[in-house]
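Enquirer: Structure file my_file.cif (mmCIF, N, CA and C atoms, pLDDT in the B column; chains and numbers go by the auth columns) is given on the next line.
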data_work
loop_
_atom_site.group_PDB
_atom_site.id
_atom_site.type_symbol
_atom_site.label_atom_id
_atom_site.label_comp_id
_atom_site.label_asym_id
_atom_site.label_seq_id
_atom_site.Cartn_x
_atom_site.Cartn_y
_atom_site.Cartn_z
_atom_site.B_iso_or_equiv
_atom_site.auth_seq_id
_atom_site.auth_asym_id
ATOM 1 N N MET A 1 0.833 -1.173 0.000 77.00 1390 B
ATOM 2 C CA MET A 1 0.000 0.000 0.000 77.00 1390 B
ATOM 3 C C MET A 1 0.884 1.244 0.000 77.00 1390 B
ATOM 4 N N LYS A 2 0.602 2.150 -0.894 87.00 1391 B
ATOM 5 C CA LYS A 2 1.403 3.359 -1.039 87.00 1391 B
ATOM 6 C C LYS A 2 1.118 4.349 0.097 87.00 1391 B
ATOM 7 N N ARG A 3 2.171 4.924 0.641 91.00 1392 B
ATOM 8 C CA ARG A 3 2.056 5.945 1.686 91.00 1392 B
ATOM 9 C C ARG A 3 2.619 7.247 1.134 91.00 1392 B
ATOM 10 N N LEU A 4 2.052 8.359 1.547 94.00 1393 B
ATOM 11 C CA LEU A 4 2.426 9.665 1.024 94.00 1393 B
ATOM 12 C C LEU A 4 3.267 10.435 2.038 94.00 1393 B
ATOM 13 N N TYR A 5 3.958 11.463 1.553 95.00 1394 B
ATOM 14 C CA TYR A 5 4.803 12.285 2.408 95.00 1394 B
ATOM 15 C C TYR A 5 4.013 13.439 3.006 95.00 1394 B
ATOM 16 N N TYR A 6 4.216 13.696 4.274 95.00 1395 B
ATOM 17 C CA TYR A 6 3.512 14.754 4.999 95.00 1395 B
ATOM 18 C C TYR A 6 3.670 16.106 4.310 95.00 1395 B
ATOM 19 N N ARG A 7 4.886 16.455 3.937 94.00 1396 B
ATOM 20 C CA ARG A 7 5.164 17.793 3.387 94.00 1396 B
ATOM 21 C C ARG A 7 4.565 18.034 2.011 94.00 1396 B
ATOM 22 N N THR A 8 4.227 16.994 1.282 95.00 1397 B
ATOM 23 C CA THR A 8 3.699 17.184 -0.071 95.00 1397 B
ATOM 24 C C THR A 8 2.174 17.123 -0.123 95.00 1397 B
ATOM 25 N N GLU A 9 1.534 16.794 0.978 95.00 1398 B
ATOM 26 C CA GLU A 9 0.074 16.675 1.003 95.00 1398 B
ATOM 27 C C GLU A 9 -0.588 17.947 1.497 95.00 1398 B
ATOM 28 N N GLN A 10 -1.845 18.132 1.124 96.00 1399 B
ATOM 29 C CA GLN A 10 -2.631 19.260 1.612 96.00 1399 B
ATOM 30 C C GLN A 10 -3.565 18.751 2.706 96.00 1399 B
ATOM 31 N N PHE A 11 -3.751 19.568 3.743 96.00 1400 B
ATOM 32 C CA PHE A 11 -4.577 19.187 4.877 96.00 1400 B
ATOM 33 C C PHE A 11 -5.710 20.175 5.061 96.00 1400 B
ATOM 34 N N GLU A 12 -6.788 19.704 5.619 96.00 1401 B
ATOM 35 C CA GLU A 12 -7.921 20.542 5.967 96.00 1401 B
ATOM 36 C C GLU A 12 -7.847 20.821 7.463 96.00 1401 B
ATOM 37 N N LYS A 13 -7.987 22.075 7.859 96.00 1402 B
ATOM 38 C CA LYS A 13 -7.992 22.438 9.280 96.00 1402 B
ATOM 39 C C LYS A 13 -9.357 22.090 9.852 96.00 1402 B
ATOM 40 N N VAL A 14 -9.374 21.299 10.929 96.00 1403 B
ATOM 41 C CA VAL A 14 -10.619 20.902 11.590 96.00 1403 B
ATOM 42 C C VAL A 14 -10.456 21.064 13.094 96.00 1403 B
ATOM 43 N N SER A 15 -11.559 21.047 13.803 96.00 1404 B
ATOM 44 C CA SER A 15 -11.545 21.107 15.258 96.00 1404 B
ATOM 45 C C SER A 15 -12.170 19.825 15.782 96.00 1404 B
ATOM 46 N N ALA A 16 -11.456 19.139 16.675 90.00 1405 B
ATOM 47 C CA ALA A 16 -11.960 17.903 17.276 90.00 1405 B
ATOM 48 C C ALA A 16 -11.758 17.986 18.787 90.00 1405 B
ATOM 49 N N CYS A 17 -12.840 17.890 19.518 92.00 1406 B
ATOM 50 C CA CYS A 17 -12.789 17.982 20.989 92.00 1406 B
ATOM 51 C C CYS A 17 -12.106 19.265 21.440 92.00 1406 B
ATOM 52 N N GLY A 18 -12.329 20.349 20.715 94.00 1407 B
ATOM 53 C CA GLY A 18 -11.757 21.640 21.067 94.00 1407 B
ATOM 54 C C GLY A 18 -10.303 21.826 20.667 94.00 1407 B
ATOM 55 N N MET A 19 -9.745 20.878 19.940 92.00 1408 B
ATOM 56 C CA MET A 19 -8.346 20.975 19.495 92.00 1408 B
ATOM 57 C C MET A 19 -8.300 21.224 17.990 92.00 1408 B
ATOM 58 N N GLU A 20 -7.393 22.130 17.561 93.00 1409 B
ATOM 59 C CA GLU A 20 -7.172 22.361 16.129 93.00 1409 B
ATOM 60 C C GLU A 20 -6.376 21.181 15.569 93.00 1409 B
ATOM 61 N N CYS A 21 -6.842 20.628 14.464 94.00 1410 B
ATOM 62 C CA CYS A 21 -6.188 19.461 13.859 94.00 1410 B
ATOM 63 C C CYS A 21 -6.041 19.663 12.358 94.00 1410 B
ATOM 64 N N GLU A 22 -5.169 18.870 11.770 94.00 1411 B
ATOM 65 C CA GLU A 22 -5.023 18.813 10.317 94.00 1411 B
ATOM 66 C C GLU A 22 -5.589 17.474 9.871 94.00 1411 B
ATOM 67 N N PHE A 23 -6.498 17.500 8.886 94.00 1412 B
ATOM 68 C CA PHE A 23 -7.133 16.267 8.427 94.00 1412 B
ATOM 69 C C PHE A 23 -6.753 15.978 6.984 94.00 1412 B
ATOM 70 N N ASN A 24 -6.466 14.703 6.733 92.00 1413 B
ATOM 71 C CA ASN A 24 -6.190 14.215 5.390 92.00 1413 B
ATOM 72 C C ASN A 24 -6.651 12.766 5.378 92.00 1413 B
ATOM 73 N N ASP A 25 -7.428 12.372 4.387 90.00 1414 B
ATOM 74 C CA ASP A 25 -7.958 11.004 4.369 90.00 1414 B
ATOM 75 C C ASP A 25 -7.052 10.003 3.648 90.00 1414 B
ATOM 76 N N MET A 26 -5.826 10.413 3.343 92.00 1415 B
ATOM 77 C CA MET A 26 -4.868 9.511 2.709 92.00 1415 B
ATOM 78 C C MET A 26 -3.907 8.956 3.760 92.00 1415 B
ATOM 79 N N ARG A 27 -3.184 7.926 3.424 92.00 1416 B
ATOM 80 C CA ARG A 27 -2.212 7.331 4.355 92.00 1416 B
ATOM 81 C C ARG A 27 -0.879 8.065 4.236 92.00 1416 B
ATOM 82 N N ILE A 28 -0.460 8.663 5.346 94.00 1417 B
ATOM 83 C CA ILE A 28 0.784 9.430 5.392 94.00 1417 B
ATOM 84 C C ILE A 28 1.868 8.565 6.037 94.00 1417 B
ATOM 85 N N ASP A 29 3.038 8.523 5.429 94.00 1418 B
ATOM 86 C CA ASP A 29 4.174 7.772 5.962 94.00 1418 B
ATOM 87 C C ASP A 29 4.580 8.388 7.307 94.00 1418 B
ATOM 88 N N ARG A 30 4.540 7.596 8.379 92.00 1419 B
ATOM 89 C CA ARG A 30 4.847 8.089 9.724 92.00 1419 B
ATOM 90 C C ARG A 30 6.234 8.721 9.819 92.00 1419 B
ATOM 91 N N SER A 31 7.181 8.215 9.085 94.00 1420 B
ATOM 92 C CA SER A 31 8.548 8.740 9.173 94.00 1420 B
ATOM 93 C C SER A 31 8.662 10.155 8.608 94.00 1420 B
ATOM 94 N N THR A 32 7.626 10.636 7.908 96.00 1421 B
ATOM 95 C CA THR A 32 7.658 11.981 7.333 96.00 1421 B
ATOM 96 C C THR A 32 6.901 13.002 8.182 96.00 1421 B
ATOM 97 N N VAL A 33 6.246 12.554 9.251 95.00 1422 B
ATOM 98 C CA VAL A 33 5.492 13.457 10.133 95.00 1422 B
ATOM 99 C C VAL A 33 6.486 14.176 11.046 95.00 1422 B
ATOM 100 N N PRO A 34 6.464 15.523 11.073 95.00 1423 B
ATOM 101 C CA PRO A 34 7.427 16.281 11.887 95.00 1423 B
ATOM 102 C C PRO A 34 7.272 16.033 13.384 95.00 1423 B
ATOM 103 N N LYS A 35 8.356 16.227 14.125 95.00 1424 B
ATOM 104 C CA LYS A 35 8.302 16.117 15.581 95.00 1424 B
ATOM 105 C C LYS A 35 7.297 17.126 16.114 95.00 1424 B
ATOM 106 N N GLY A 36 6.549 16.749 17.131 92.00 1425 B
ATOM 107 C CA GLY A 36 5.535 17.624 17.695 92.00 1425 B
ATOM 108 C C GLY A 36 4.161 17.425 17.079 92.00 1425 B
ATOM 109 N N LYS A 37 4.094 16.681 15.973 91.00 1426 B
ATOM 110 C CA LYS A 37 2.818 16.349 15.339 91.00 1426 B
ATOM 111 C C LYS A 37 2.512 14.890 15.664 91.00 1426 B
ATOM 112 N N TYR A 38 1.250 14.584 15.792 88.00 1427 B
ATOM 113 C CA TYR A 38 0.843 13.219 16.086 88.00 1427 B
ATOM 114 C C TYR A 38 -0.036 12.716 14.965 88.00 1427 B
ATOM 115 N N GLN A 39 0.041 11.425 14.717 89.00 1428 B
ATOM 116 C CA GLN A 39 -0.727 10.820 13.635 89.00 1428 B
ATOM 117 C C GLN A 39 -1.653 9.772 14.218 89.00 1428 B
ATOM 118 N N TYR A 40 -2.912 9.861 13.853 84.00 1429 B
ATOM 119 C CA TYR A 40 -3.895 8.862 14.255 84.00 1429 B
ATOM 120 C C TYR A 40 -4.355 8.157 12.995 84.00 1429 B
ATOM 121 N N GLN A 41 -4.391 6.847 13.063 76.00 1430 B
ATOM 122 C CA GLN A 41 -4.828 6.060 11.903 76.00 1430 B
ATOM 123 C C GLN A 41 -5.801 5.000 12.387 76.00 1430 B
ATOM 124 N N TYR A 42 -6.992 5.012 11.835 71.00 1431 B
ATOM 125 C CA TYR A 42 -8.005 4.006 12.158 71.00 1431 B
ATOM 126 C C TYR A 42 -7.757 2.785 11.299 71.00 1431 B
ATOM 127 N N GLN A 43 -7.716 1.619 11.935 67.00 1432 B
ATOM 128 C CA GLN A 43 -7.477 0.392 11.163 67.00 1432 B
ATOM 129 C C GLN A 43 -8.629 -0.552 11.290 67.00 1432 B
#
Starting from the coordinates I provided, produce the structure as structure tokens.

Expert:
Amino acid sequence: MKRLYYRTEQFEKVSACGMECEFNDMRIDRSTVPKGKYQYQYQ
């Protein structure tokens, strides 16, 4: 399964439980997510 790079993707700003988040419905390669950012993936 192909994974995409964080820096090359576009994200939608959303609010979840009062927190500002970046949303993207594609699979992002964890190794490309910057420090301080967290990735949640539903499996």

Enquirer: List every residue of chain B that DSSP, applied to the backbone, labels as strand (DSSP E), and write the result as a list in words.

Expert: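 Selection result, strand (DSSP E) within chain B: Glu1401, Lys1402, Val1403, Ser1404, Ala1405, Met1408, Glu1409, Cys1410, Glu1411 and Phe1412 of chain B.
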
Enquirer: To verify the selection step, state as an MDAnalysis selection string which residues the PyMOL selection byres ((chain B and resi 1391) around 7) yields on this input.

Expert: chainID B and resid 1390 1392:1393 1416:1417

Enquirer: Within 8 Å of Tyr1395 in chain B, counting all atoms listed in the file, which residues qualify if same-chain residues fewer than 3 places away don't, as a PyMOL selection string?

Expert: chain B and resi 1392+1398-1399+1416-1423

Enquirer: Applying 8 Å and all atoms listed in the file, which residues near Lys1402 in chain B remain after dropping the ones on its own chain fewer than 5 positions away? List them as a list of chain:residue names.

Expert: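 Surrounding residues, per the criterion: B:Glu1409, B:Cys1410, B:Glu1411, B:Phe1412, B:Asn1413.
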
Enquirer: Which centre and which edge lengths, in Å to one decimal, describe the axis-aligned box that holds all listed atoms of range 1406-1425 of chain B after 6 Å is added on each side, as JSON?

Expert:
{"center_x": -2.1, "center_y": 14.8, "center_z": 12.1, "size_x": 33.5, "size_y": 27.0, "size_z": 30.7}

Enquirer: Report as a PyMOL selection string: the residues of chain B with a DSSP assignment of helix (DSSP H, G or I), based on the backbone of this structure.

Expert: chain B and resi 1395-1397+1419-1421
